[in-house]
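As provided, input.cif (mmCIF, C-alpha atoms) reads as follows.
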data_upload
#
loop_
_atom_site.label_atom_id
_atom_site.label_comp_id
_atom_site.auth_asym_id
_atom_site.auth_seq_id
_atom_site.Cartn_x
_atom_site.Cartn_y
_atom_site.Cartn_z
CA MET V 1 35.48 93.61 31.92
CA PHE V 2 38.44 91.66 33.24
CA ASP V 3 37.31 91.40 36.88
CA ASN V 4 37.75 87.66 37.04
CA LEU V 5 40.81 87.58 34.83
CA ALA V 6 43.20 86.22 37.46
CA LEU V 7 40.73 83.56 38.56
CA ILE V 8 39.96 82.52 34.98
CA VAL V 9 43.60 82.37 33.89
CA GLY V 10 44.41 80.37 37.02
CA ARG V 11 41.67 77.81 36.46
CA LEU V 12 42.31 77.46 32.73
CA SER V 13 46.03 76.96 33.37
CA GLU V 14 45.13 73.77 35.23
CA GLY V 15 44.12 72.26 31.90
CA LEU V 16 47.16 73.50 30.06
CA SER V 17 49.29 70.45 30.83
CA THR V 18 46.59 68.15 29.38
CA THR V 19 46.30 70.26 26.22
CA VAL V 20 50.07 70.30 25.81
CA ALA V 21 50.32 66.54 26.49
CA ALA V 22 47.63 65.82 23.88
CA ALA V 23 49.27 68.13 21.35
CA VAL V 24 52.85 66.90 21.89
CA GLY V 25 51.82 63.23 22.04
CA GLY V 26 49.62 63.72 18.99
CA ILE V 27 52.40 65.45 17.05
CA LEU V 28 55.00 62.76 17.81
CA LEU V 29 52.66 59.92 16.85
CA THR V 30 51.50 61.87 13.79
CA VAL V 31 55.08 61.97 12.53
CA VAL V 32 55.29 58.17 12.87
CA PHE V 33 52.00 57.56 11.02
CA SER V 34 52.86 60.15 8.37
CA LEU V 35 56.21 58.56 7.57
CA ALA V 36 54.71 55.07 7.55
CA ALA V 37 51.81 56.10 5.33
CA GLY V 38 53.85 58.37 3.05
CA LEU V 39 56.63 55.85 2.43
CA GLY V 40 54.03 53.07 2.27
CA MET V 41 52.25 54.81 -0.59
CA LEU V 42 55.58 54.85 -2.48
CA SER V 43 56.40 51.23 -1.70
CA GLN V 44 57.38 48.74 -4.40
CA VAL V 45 55.03 46.23 -2.79
CA GLY V 46 51.47 46.49 -4.10
CA VAL V 47 49.77 45.38 -0.88
CA VAL V 48 51.63 47.99 1.18
CA ARG V 49 50.59 50.70 -1.28
CA VAL V 50 46.94 49.66 -1.13
CA VAL V 51 46.91 49.49 2.67
CA SER V 52 48.58 52.91 3.02
CA ARG V 53 46.32 54.53 0.45
CA THR V 54 43.22 53.06 2.11
CA TYR V 55 44.33 54.33 5.52
CA VAL V 56 44.93 57.84 4.14
CA GLU V 57 41.66 58.10 2.23
CA PHE V 58 39.64 56.57 5.05
CA PHE V 59 40.91 58.90 7.76
CA ARG V 60 40.80 61.96 5.55
CA GLY V 61 37.32 61.12 4.36
CA THR V 62 35.55 60.53 7.66
CA SER V 63 35.10 63.39 10.08
CA GLU V 64 37.56 63.71 12.94
CA ILE V 65 34.75 64.06 15.50
CA VAL V 66 33.16 60.86 14.26
CA GLN V 67 36.54 59.13 14.61
CA LEU V 68 36.88 60.47 18.13
CA PHE V 69 33.38 59.38 19.15
CA TRP V 70 33.86 56.04 17.46
CA ILE V 71 36.99 55.21 19.46
CA PHE V 72 35.43 56.53 22.67
CA PHE V 73 31.97 54.98 22.38
CA VAL V 74 31.84 52.29 19.69
CA LEU V 75 35.15 50.55 20.25
CA PRO V 76 34.49 49.85 23.97
CA ALA V 77 30.97 48.64 23.08
CA LEU V 78 32.34 46.27 20.43
CA THR V 79 35.40 44.94 22.21
CA GLY V 80 34.81 45.63 25.89
CA PHE V 81 38.11 47.53 26.10
CA ARG V 82 38.34 50.15 28.80
CA ILE V 83 40.07 53.04 27.10
CA VAL V 84 42.42 55.57 28.68
CA PRO V 85 40.83 58.86 27.60
CA LEU V 86 44.01 60.84 26.97
CA GLY V 87 45.68 57.87 25.27
CA ALA V 88 42.70 57.26 23.01
CA ALA V 89 42.53 60.97 22.27
CA ILE V 90 46.19 61.10 21.22
CA LEU V 91 45.64 58.02 19.03
CA VAL V 92 42.70 59.63 17.21
CA LEU V 93 44.52 62.93 16.74
CA ALA V 94 47.51 61.08 15.31
CA LEU V 95 45.51 58.69 13.09
CA ASN V 96 43.63 61.62 11.60
CA HIS V 97 46.52 64.01 11.11
CA GLY V 98 48.88 61.20 10.12
CA ALA V 99 46.65 60.60 7.10
CA TYR V 100 47.17 64.19 5.99
CA GLY V 101 50.86 63.95 6.90
CA GLY V 102 51.20 60.86 4.73
CA GLU V 103 50.37 62.96 1.67
CA ILE V 104 52.94 65.56 2.77
CA VAL V 105 55.66 62.91 3.07
CA ARG V 106 54.73 61.31 -0.24
CA GLY V 107 54.74 64.65 -2.03
CA ALA V 108 58.06 65.71 -0.49
CA VAL V 109 59.81 62.44 -1.36
CA GLN V 110 58.50 62.63 -4.92
CA SER V 111 59.71 66.22 -5.23
CA VAL V 112 63.35 65.18 -4.72
CA PRO V 113 64.93 65.49 -8.20
CA ARG V 114 65.28 62.18 -10.02
CA ALA V 115 68.95 62.84 -10.66
CA GLN V 116 69.57 62.57 -6.92
CA VAL V 117 68.17 59.05 -6.87
CA GLU V 118 70.08 58.13 -10.01
CA GLY V 119 73.25 59.56 -8.49
CA ALA V 120 72.76 57.46 -5.38
CA VAL V 121 72.21 54.37 -7.53
CA ALA V 122 75.33 55.17 -9.54
CA LEU V 123 77.30 55.35 -6.28
CA SER V 124 75.83 51.92 -5.51
CA LEU V 125 74.32 53.02 -2.22
CA SER V 126 72.03 50.40 -0.75
CA PRO V 127 68.28 51.16 -0.98
CA ARG V 128 68.35 51.93 2.74
CA ASP V 129 71.24 54.40 2.46
CA ARG V 130 69.64 55.90 -0.62
CA MET V 131 66.53 56.69 1.38
CA LEU V 132 68.16 57.73 4.67
CA ARG V 133 71.17 59.63 3.38
CA VAL V 134 70.06 61.08 0.07
CA ILE V 135 66.30 61.27 -0.33
CA LEU V 136 64.89 61.89 3.16
CA PRO V 137 67.28 64.71 4.17
CA GLN V 138 66.23 66.61 1.04
CA ALA V 139 62.56 65.70 1.38
CA LEU V 140 62.65 66.84 5.01
CA VAL V 141 63.27 70.44 3.96
CA GLU V 142 60.16 70.29 1.79
CA MET V 143 58.06 68.63 4.48
CA LEU V 144 58.67 70.95 7.39
CA PRO V 145 56.57 73.98 6.32
CA PRO V 146 53.42 71.93 5.57
CA PHE V 147 53.97 69.96 8.77
CA ASN V 148 53.97 73.25 10.65
CA ASN V 149 50.40 73.86 9.38
CA LEU V 150 49.40 70.32 10.16
CA PHE V 151 50.66 70.56 13.75
CA ILE V 152 48.71 73.79 14.27
CA GLN V 153 45.61 72.02 12.95
CA LEU V 154 46.29 69.25 15.44
CA LEU V 155 46.68 71.74 18.28
CA LYS V 156 43.31 73.25 17.35
CA SER V 157 41.80 69.76 17.25
CA THR V 158 42.80 69.12 20.86
CA SER V 159 39.85 71.39 21.77
CA LEU V 160 37.54 68.63 20.48
CA LEU V 161 38.65 66.48 23.40
CA SER V 162 36.43 68.65 25.61
CA LEU V 163 33.51 66.86 23.91
CA VAL V 164 34.67 63.48 25.26
CA VAL V 165 35.28 64.88 28.75
CA VAL V 166 39.05 65.15 28.67
CA ALA V 167 39.80 68.02 31.06
CA GLU V 168 41.86 70.17 28.74
CA ILE V 169 41.55 73.95 28.60
CA THR V 170 38.38 74.19 26.50
CA TYR V 171 36.61 71.73 28.80
CA ILE V 172 37.58 73.74 31.87
CA GLY V 173 36.49 76.93 30.13
CA GLN V 174 33.07 75.43 29.45
CA SER V 175 32.73 74.24 33.03
CA LEU V 176 33.53 77.75 34.31
CA ARG V 177 30.99 79.45 32.08
CA ALA V 178 27.81 78.75 34.04
CA ASN V 179 29.02 80.53 37.17
CA LEU V 180 30.17 83.74 35.57
CA PRO V 181 28.45 86.92 34.33
CA VAL V 182 28.60 87.80 30.63
CA ALA V 183 31.82 89.79 30.90
CA GLY V 184 33.45 86.84 32.66
CA GLN V 185 32.25 84.46 29.93
CA LEU V 186 33.76 86.71 27.29
CA THR V 187 37.00 86.70 29.26
CA ILE V 188 37.05 82.88 29.37
CA TYR V 189 36.86 82.51 25.62
CA LEU V 190 39.29 85.33 24.88
CA VAL V 191 41.84 83.86 27.30
CA LEU V 192 41.32 80.44 25.70
CA LEU V 193 41.90 81.85 22.22
CA VAL V 194 45.06 83.63 23.38
CA MET V 195 46.35 80.42 24.98
CA TYR V 196 45.87 78.52 21.72
CA LEU V 197 47.51 81.37 19.81
CA VAL V 198 50.58 81.29 22.06
CA LEU V 199 50.86 77.50 21.71
CA ALA V 200 50.53 77.84 17.92
CA LEU V 201 53.27 80.47 17.88
CA LEU V 202 55.49 78.13 19.90
CA ILE V 203 54.92 75.35 17.37
CA THR V 204 55.79 77.72 14.53
CA ALA V 205 58.95 78.91 16.31
CA GLY V 206 60.05 75.30 16.85
CA MET V 207 59.37 74.36 13.25
CA ARG V 208 61.26 77.41 11.93
CA TRP V 209 64.23 76.31 13.99
CA LEU V 210 64.01 72.80 12.53
CA GLU V 211 63.72 74.25 9.03
CA ARG V 212 66.93 76.21 9.51
CA ARG V 213 68.69 73.12 10.87
CA ALA V 214 67.46 70.87 8.07
CA ALA V 215 68.42 73.40 5.40
CA ALA V 216 71.83 74.00 6.97
CA ARG V 217 72.51 70.26 6.87
CA LEU V 218 72.11 70.42 3.12
CA GLY V 219 74.23 73.57 2.94
CA ARG V 220 71.25 75.72 2.01
CA THR V 221 69.64 78.73 3.59
CA PRO V 222 65.89 78.31 4.14
CA ARG V 223 63.73 79.80 1.44
CA ALA V 224 61.78 82.88 2.45
CA ARG V 225 58.20 81.88 2.99
CA THR V 226 55.72 83.38 0.61
CA PRO V 227 52.63 84.82 2.25
CA GLY V 228 49.96 82.20 2.27
CA SER V 229 52.35 79.29 2.06
CA ARG V 230 51.00 78.29 5.46
CA PHE V 231 47.82 77.32 3.74
CA GLN V 232 48.89 74.70 1.26
CA VAL V 233 48.41 71.63 3.43
CA GLY V 234 48.49 69.42 0.36
CA THR V 235 45.13 68.39 -0.94
CA ALA V 236 42.47 68.22 1.71
CA SER V 237 40.03 65.45 1.13
CA MET G 1 25.42 42.15 19.25
CA ILE G 2 27.93 43.19 16.64
CA TRP G 3 25.97 44.77 13.84
CA ASP G 4 22.18 44.80 13.50
CA TRP G 5 21.23 45.39 9.86
CA GLY G 6 17.56 45.87 10.68
CA TYR G 7 18.35 48.60 13.15
CA ALA G 8 20.84 50.20 10.78
CA ILE G 9 18.20 50.46 8.05
CA GLU G 10 15.63 51.71 10.52
CA ILE G 11 17.78 54.66 11.63
CA LEU G 12 19.09 55.58 8.18
CA PRO G 13 16.29 58.08 7.34
CA ALA G 14 16.87 60.00 10.58
CA LEU G 15 20.61 60.12 9.90
CA LEU G 16 20.01 61.32 6.35
CA ARG G 17 17.85 64.16 7.69
CA GLY G 18 20.74 65.07 9.98
CA LEU G 19 23.08 64.92 6.99
CA LEU G 20 20.89 67.47 5.20
CA VAL G 21 21.44 69.89 8.09
CA THR G 22 25.19 69.22 7.86
CA LEU G 23 25.10 69.96 4.14
CA LEU G 24 23.01 73.10 4.69
CA ALA G 25 25.49 74.39 7.28
CA THR G 26 28.35 73.62 4.87
CA LEU G 27 26.61 75.43 2.02
CA LEU G 28 25.78 78.56 4.03
CA GLY G 29 29.16 78.55 5.78
CA SER G 30 30.92 78.28 2.40
CA LEU G 31 28.94 81.16 0.91
CA LEU G 32 29.89 83.32 3.89
CA ALA G 33 33.52 82.20 3.74
CA PHE G 34 33.75 82.85 -0.01
CA THR G 35 32.25 86.34 0.29
CA LEU G 36 34.01 87.47 3.44
CA GLY G 37 37.31 85.95 2.32
CA LEU G 38 37.10 87.93 -0.91
CA VAL G 39 36.46 91.13 1.04
CA PHE G 40 39.46 90.38 3.27
CA ALA G 41 41.65 89.66 0.24
CA VAL G 42 40.65 92.86 -1.59
CA VAL G 43 41.14 94.97 1.55
CA ARG G 44 44.62 93.53 1.97
CA ARG G 45 45.60 93.75 -1.68
CA ASN G 46 44.46 97.39 -1.88
CA ARG G 47 46.33 98.15 1.37
CA VAL G 48 43.25 99.93 2.70
CA PRO G 49 44.58 102.13 5.54
CA VAL G 50 43.76 100.97 9.10
CA LEU G 51 41.72 98.01 7.82
CA ASP G 52 44.65 96.19 6.19
CA PRO G 53 46.70 95.63 9.38
CA LEU G 54 43.51 94.85 11.31
CA VAL G 55 42.40 92.20 8.81
CA ARG G 56 45.90 90.79 8.70
CA ALA G 57 46.11 90.45 12.48
CA PHE G 58 42.60 89.03 12.69
CA VAL G 59 43.25 86.38 10.01
CA GLU G 60 46.50 85.37 11.68
CA PHE G 61 44.82 85.10 15.09
CA TRP G 62 41.57 83.47 14.03
CA ARG G 63 43.09 80.69 11.92
CA SER G 64 45.51 79.73 14.71
CA THR G 65 42.72 79.16 17.22
CA PRO G 66 40.09 76.40 17.42
CA LEU G 67 36.78 76.73 15.62
CA LEU G 68 35.07 75.10 18.60
CA VAL G 69 36.09 77.87 21.00
CA GLN G 70 35.07 80.47 18.41
CA ALA G 71 31.67 78.81 18.09
CA PHE G 72 31.25 78.92 21.88
CA LEU G 73 32.21 82.59 21.88
CA ILE G 74 29.60 83.43 19.24
CA PHE G 75 26.84 81.25 20.63
CA TYR G 76 27.20 81.84 24.38
CA VAL G 77 28.63 85.34 24.71
CA LEU G 78 26.83 87.35 22.02
CA PRO G 79 23.36 86.86 23.63
CA GLY G 80 24.73 88.61 26.73
CA TYR G 81 25.25 91.66 24.53
CA GLY G 82 21.77 91.49 23.03
CA ILE G 83 22.53 89.37 19.94
CA THR G 84 20.71 86.07 20.29
CA LEU G 85 21.36 83.59 17.52
CA SER G 86 19.88 80.19 16.78
CA PRO G 87 22.41 77.34 16.99
CA LEU G 88 22.46 76.97 13.20
CA THR G 89 22.96 80.71 12.61
CA ALA G 90 25.73 80.89 15.19
CA GLY G 91 27.30 77.77 13.69
CA VAL G 92 27.21 79.11 10.14
CA LEU G 93 28.68 82.38 11.35
CA ALA G 94 31.49 80.55 13.15
CA LEU G 95 32.24 78.33 10.13
CA GLY G 96 32.11 81.24 7.69
CA LEU G 97 34.33 83.50 9.75
CA HIS G 98 36.88 80.76 10.44
CA TYR G 99 37.11 79.61 6.86
CA ALA G 100 37.12 83.19 5.49
CA CYS G 101 40.58 83.42 7.07
CA TYR G 102 41.69 80.55 4.85
CA THR G 103 39.86 81.57 1.68
CA SER G 104 41.21 85.12 1.91
CA GLU G 105 44.73 83.73 1.58
CA VAL G 106 43.63 81.51 -1.30
CA TYR G 107 42.18 84.50 -3.13
CA ARG G 108 45.34 86.48 -2.42
CA ALA G 109 47.45 83.76 -4.04
CA GLY G 110 45.09 83.79 -7.03
CA ILE G 111 45.18 87.58 -7.33
CA ASP G 112 48.98 87.61 -7.06
CA ALA G 113 49.14 85.11 -9.91
CA VAL G 114 47.39 87.52 -12.32
CA PRO G 115 50.22 88.88 -14.52
CA ARG G 116 51.33 92.46 -13.88
CA GLY G 117 50.63 93.30 -17.50
CA GLN G 118 46.93 92.82 -16.86
CA TRP G 119 46.96 95.47 -14.14
CA GLU G 120 49.03 97.81 -16.27
CA ALA G 121 46.79 97.37 -19.27
CA ALA G 122 43.71 98.05 -17.15
CA THR G 123 45.37 101.19 -15.80
CA ALA G 124 46.44 102.27 -19.29
CA LEU G 125 42.83 101.99 -20.41
CA SER G 126 41.95 104.07 -17.31
CA LEU G 127 39.28 101.63 -16.29
CA PRO G 128 37.56 102.55 -13.03
CA ARG G 129 38.76 100.56 -9.96
CA SER G 130 35.59 98.52 -9.83
CA ARG G 131 35.96 97.40 -13.46
CA VAL G 132 39.63 96.55 -12.94
CA TRP G 133 38.61 94.18 -10.17
CA LEU G 134 35.34 92.83 -11.50
CA GLY G 135 36.15 92.82 -15.21
CA VAL G 136 39.86 92.02 -15.33
CA VAL G 137 41.44 90.66 -12.18
CA LEU G 138 38.84 88.49 -10.47
CA PRO G 139 37.64 86.69 -13.62
CA GLN G 140 41.24 85.51 -14.04
CA ALA G 141 42.04 84.94 -10.38
CA VAL G 142 38.96 83.08 -9.19
CA PRO G 143 38.84 80.12 -11.64
CA ARG G 144 42.43 79.25 -10.77
CA VAL G 145 41.68 79.02 -7.06
CA LEU G 146 38.47 77.01 -7.37
CA PRO G 147 40.15 73.69 -6.47
CA ALA G 148 41.69 75.23 -3.32
CA LEU G 149 38.31 76.67 -2.35
CA GLY G 150 36.73 73.28 -3.03
CA ASN G 151 39.16 71.63 -0.63
CA TYR G 152 38.17 74.06 2.09
CA VAL G 153 34.49 73.31 1.49
CA ILE G 154 35.25 69.61 2.03
CA SER G 155 37.24 70.40 5.19
CA MET G 156 34.38 72.52 6.46
CA PHE G 157 31.87 69.75 5.77
CA LYS G 158 33.85 67.44 8.02
CA GLU G 159 34.10 70.07 10.75
CA VAL G 160 30.35 70.77 10.92
CA PRO G 161 29.81 68.02 13.55
CA LEU G 162 31.64 70.07 16.17
CA LEU G 163 28.62 72.38 16.10
CA LEU G 164 26.84 69.66 18.06
CA ALA G 165 28.48 71.36 21.04
CA ILE G 166 26.21 74.39 20.52
CA GLY G 167 23.12 72.32 19.73
CA VAL G 168 23.01 72.15 15.94
CA VAL G 169 21.09 68.98 15.12
CA GLU G 170 23.45 67.68 12.44
CA VAL G 171 24.17 64.06 11.60
CA VAL G 172 26.43 63.23 14.58
CA THR G 173 23.95 64.82 16.99
CA VAL G 174 21.27 62.58 15.51
CA ALA G 175 23.59 59.59 15.93
CA GLN G 176 24.06 60.49 19.58
CA GLN G 177 20.33 60.90 20.14
CA LEU G 178 19.76 57.47 18.61
CA THR G 179 22.47 56.05 20.84
CA ALA G 180 20.76 57.49 23.89
CA GLN G 181 17.52 55.74 22.89
CA SER G 182 18.90 52.32 22.01
CA PHE G 183 22.08 52.27 24.14
CA SER G 184 23.97 51.04 21.10
CA PRO G 185 26.41 53.51 19.57
CA VAL G 186 27.70 51.00 17.02
CA GLU G 187 25.28 51.43 14.12
CA PRO G 188 24.53 55.20 14.39
CA LEU G 189 28.14 56.37 14.70
CA THR G 190 29.50 53.93 12.13
CA LEU G 191 26.82 54.95 9.62
CA ALA G 192 27.52 58.63 10.33
CA GLY G 193 31.19 58.08 9.55
CA LEU G 194 30.37 56.19 6.35
CA LEU G 195 28.03 58.98 5.24
CA PHE G 196 30.91 61.44 5.57
CA LEU G 197 33.17 59.17 3.55
CA LEU G 198 30.45 58.66 0.95
CA ILE G 199 30.27 62.39 0.28
CA SER G 200 33.76 63.68 0.95
CA TYR G 201 35.70 61.03 -0.99
CA PRO G 202 33.91 61.54 -4.33
CA ALA G 203 34.02 65.29 -3.70
CA SER G 204 37.78 65.17 -3.19
CA LEU G 205 38.18 63.16 -6.40
CA ALA G 206 36.15 65.81 -8.21
CA VAL G 207 38.38 68.55 -6.79
CA ARG G 208 41.48 66.66 -7.92
CA ARG G 209 40.05 66.47 -11.44
CA LEU G 210 39.30 70.17 -11.37
CA GLU G 211 42.87 70.75 -10.19
CA ARG G 212 44.22 68.99 -13.26
CA ARG G 213 41.93 71.02 -15.50
CA VAL G 214 42.81 74.48 -14.22
CA GLY G 215 46.33 73.85 -12.91
CA VAL G 216 47.48 74.85 -9.46
CA VAL G 217 48.34 78.43 -8.57
#

Can you present the structure in this file as structure tokens?
Amino acid sequence: MFDNLALIVGRLSEGLSTTVAAAVGGILLTVVFSLAAGLGMLSQVGVVRVVSRTYVEFFRGTSEIVQLFWIFFVLPALTGFRIVPLGAAILVLALNHGAYGGEIVRGAVQSVPRAQVEGAVALSLSPRDRMLRVILPQALVEMLPPFNNLFIQLLKSTSLLSLVVVAEITYIGQSLRANLPVAGQLTIYLVLLVMYLVLALLITAGMRWLERRAAARLGRTPRARTPGSRFQVGTAS
Amino acid sequence: MIWDWGYAIEILPALLRGLLVTLLATLLGSLLAFTLGLVFAVVRRNRVPVLDPLVRAFVEFWRSTPLLVQAFLIFYVLPGYGITLSPLTAGVLALGLHYACYTSEVYRAGIDAVPRGQWEAATALSLPRSRVWLGVVLPQAVPRVLPALGNYVISMFKEVPLLLAIGVVEVVTVAQQLTAQSFSPVEPLTLAGLLFLLISYPASLAVRRLERRVGVV
């Protein structure tokens, strides 16, 4: 069954750096969009709230594949831009997942007890210090577990890039398929699934480490995760 | 050439037919995910020997890996072992199996939220196992998790387009076919995106209302 295993693993590994680049780039940019959208939805300024809310609902409401195809096919047709495939891909991944992340940030900031804000006001901390030193460090602890789920979703979404001819691992797997017998084809997909699983486990390990750090900063020990807590990615839309 | 209204109206019926296929795949995929997820949840809750660790490992594995690769596996590899499936059947199977891994955890949360006293009372009345589940536990557990299940249906709806990779003629496939004919991707793809928004946004508002009605587990 695993005759071609070495060959298949070797060829698929060539796409690994692209998958990792898309996932890491997507994750970093997702954090930026999430914070902007999440804090924007809590802004005192009405226009900022409306813009943030519109962004979140729009990107959660339209399908990720449509967004991907739109940036790859419609945007160049409309504007004449030549896009950089991996760059455009990272942008779509981040715009989409940042919309979900925005809700995570908003929820986490709102879950910080009111007394903490009042305490910060009583100590006459500036609004900036209130946010950076009191609210966000506490909200961060709440955010990290749902962000773990979101990042795994993003990792899984990198497979969609095969549909716009970005040579990541799924694309290479598909291009290998035609030349292999059935057993070899099975091997391709099983190896692919295992590669994604390992990457997902790496993300989870990294996020657990961050959770411990963030909790330790507040002088807490991380709460034990309840089974199934991985699944509450806020409200999907 | 920015936006041609005439062309947009002309292609709308074809896109709507594609949307029907998307909705059909969502409906069938959801039914499979609801049923299979419940089976997974009951197997795990009852600690069925052998099956429980298997289901646990499978759920953990399957939800961490991309639906697209799973769909390829089902559509391209199974025929080699004598199981040939139409694109839609393979797609529904892939959706249902993937989302069953999520719904099983949702059911588990709902079942865990049923007070212990309910189980004890059912045992004290020496109800048969099947009545404990069907008459006592599930009627309390399922309504509470309906919003969470609803959210997964909406997520699934938006993931159906990836089945274009195995040849399901859903709305984005139709948009691509139209693009190939007219060389303009602007109207078909934009309309496809708006159709998704048109359905998923009201649906998500409805789920949020349901959430307020039943409370969150």

Item to complete: Name every residue that the PyMOL selection byres ((chain V) within 9 of (chain G)) selects in this structure, writing the answer as a ChimeraX atom specification with chains first and numbers rising.
Response: /V:57-67,69-70,73-75,77-78,152-153,155-160,163,170,174,177,181-183,185-186,188-190,192-197,200-201,227-229,231-232,235-237

Worksheet item: Evaluating the PyMOL selection byres ((chain V and resi 175) around 12) on the displayed file yields which residues, as a PyMOL selection string?
Response: chain V and resi 8+11-12+15+162-163+165-174+176-180+185+188-189

Item to complete: Check which residues satisfy the PyMOL selection byres ((chain G and resi 37) around 9) in the file shown, then give them as a list in words.
Response: Leu32, Ala33, Phe34, Thr35, Leu36, Leu38, Val39, Phe40, Ala41, Val42, Gly96, Leu97, Tyr99, Ala100, Cys101, Tyr102, Thr103, Ser104, Glu105, Val106 and Tyr107 of chain G

Item to complete: Please provide as a ChimeraX atom specification all residues within 9 Å of Val142 (chain G), with the sequence filter that same-chain residues fewer than 5 positions apart are discarded (counting all atoms listed in the file).
Response: /G:107,110-111,137

Worksheet, complete the sentence: Here CA of Leu27 (chain G) and CA of Gly167 (chain G) stand apart by 18.3 Å

Practice prompt. Could you tell me which of G:Leu85, G:Val169, G:Val214, G:Leu146 comes closest to Arg17 (chain G) if we count all atoms listed in the file?
Written response: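 Result for the nearest residue to Arg17 (chain G): G:Val169.
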
Practice prompt. Quote the spacing between CA of Gly46 (chain V) and CA of Pro137 (chain V) in Å to one decimal place.
Written response: 25.5 Å

Worksheet item: Using only C-alpha atoms, which of the listed residues (V:Ile71, V:Ala21, V:Val50, V:Ala139) sits closest to Ile83 (chain V)?
Response: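 Smallest separation from Ile83 (chain V) among the options: V:Ile71.
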
Report, as JSON, the centre and edge lengths in Å (one decimal) of the axis-aligned box enclosing every listed atom of region 74-81 of chain G, padded by 6 Å on each side.
{"center_x": 26.5, "center_y": 86.5, "center_z": 23.0, "size_x": 18.2, "size_y": 22.4, "size_z": 19.5}

Practice prompt. Between G:Trp119, G:Arg144, G:Pro87, G:Leu134, single out the one closest to Ala25 (chain G), counting all atoms listed in the file.
Written response: G:Pro87

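Taking all atoms listed in the file into account, Leu28 (chain V) lies nearest to V:Ile90 out of the set V:Leu218, V:Ile90, V:Ala122, V:Ala6.
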
Practice prompt. Would you work out the distance separating CA of Thr30 (chain V) from CA of Arg212 (chain V), expressed in Å to one decimal?
Written response: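 Value for the CA of Thr30 (chain V)-CA of Arg212 (chain V) distance: 21.5 Å.
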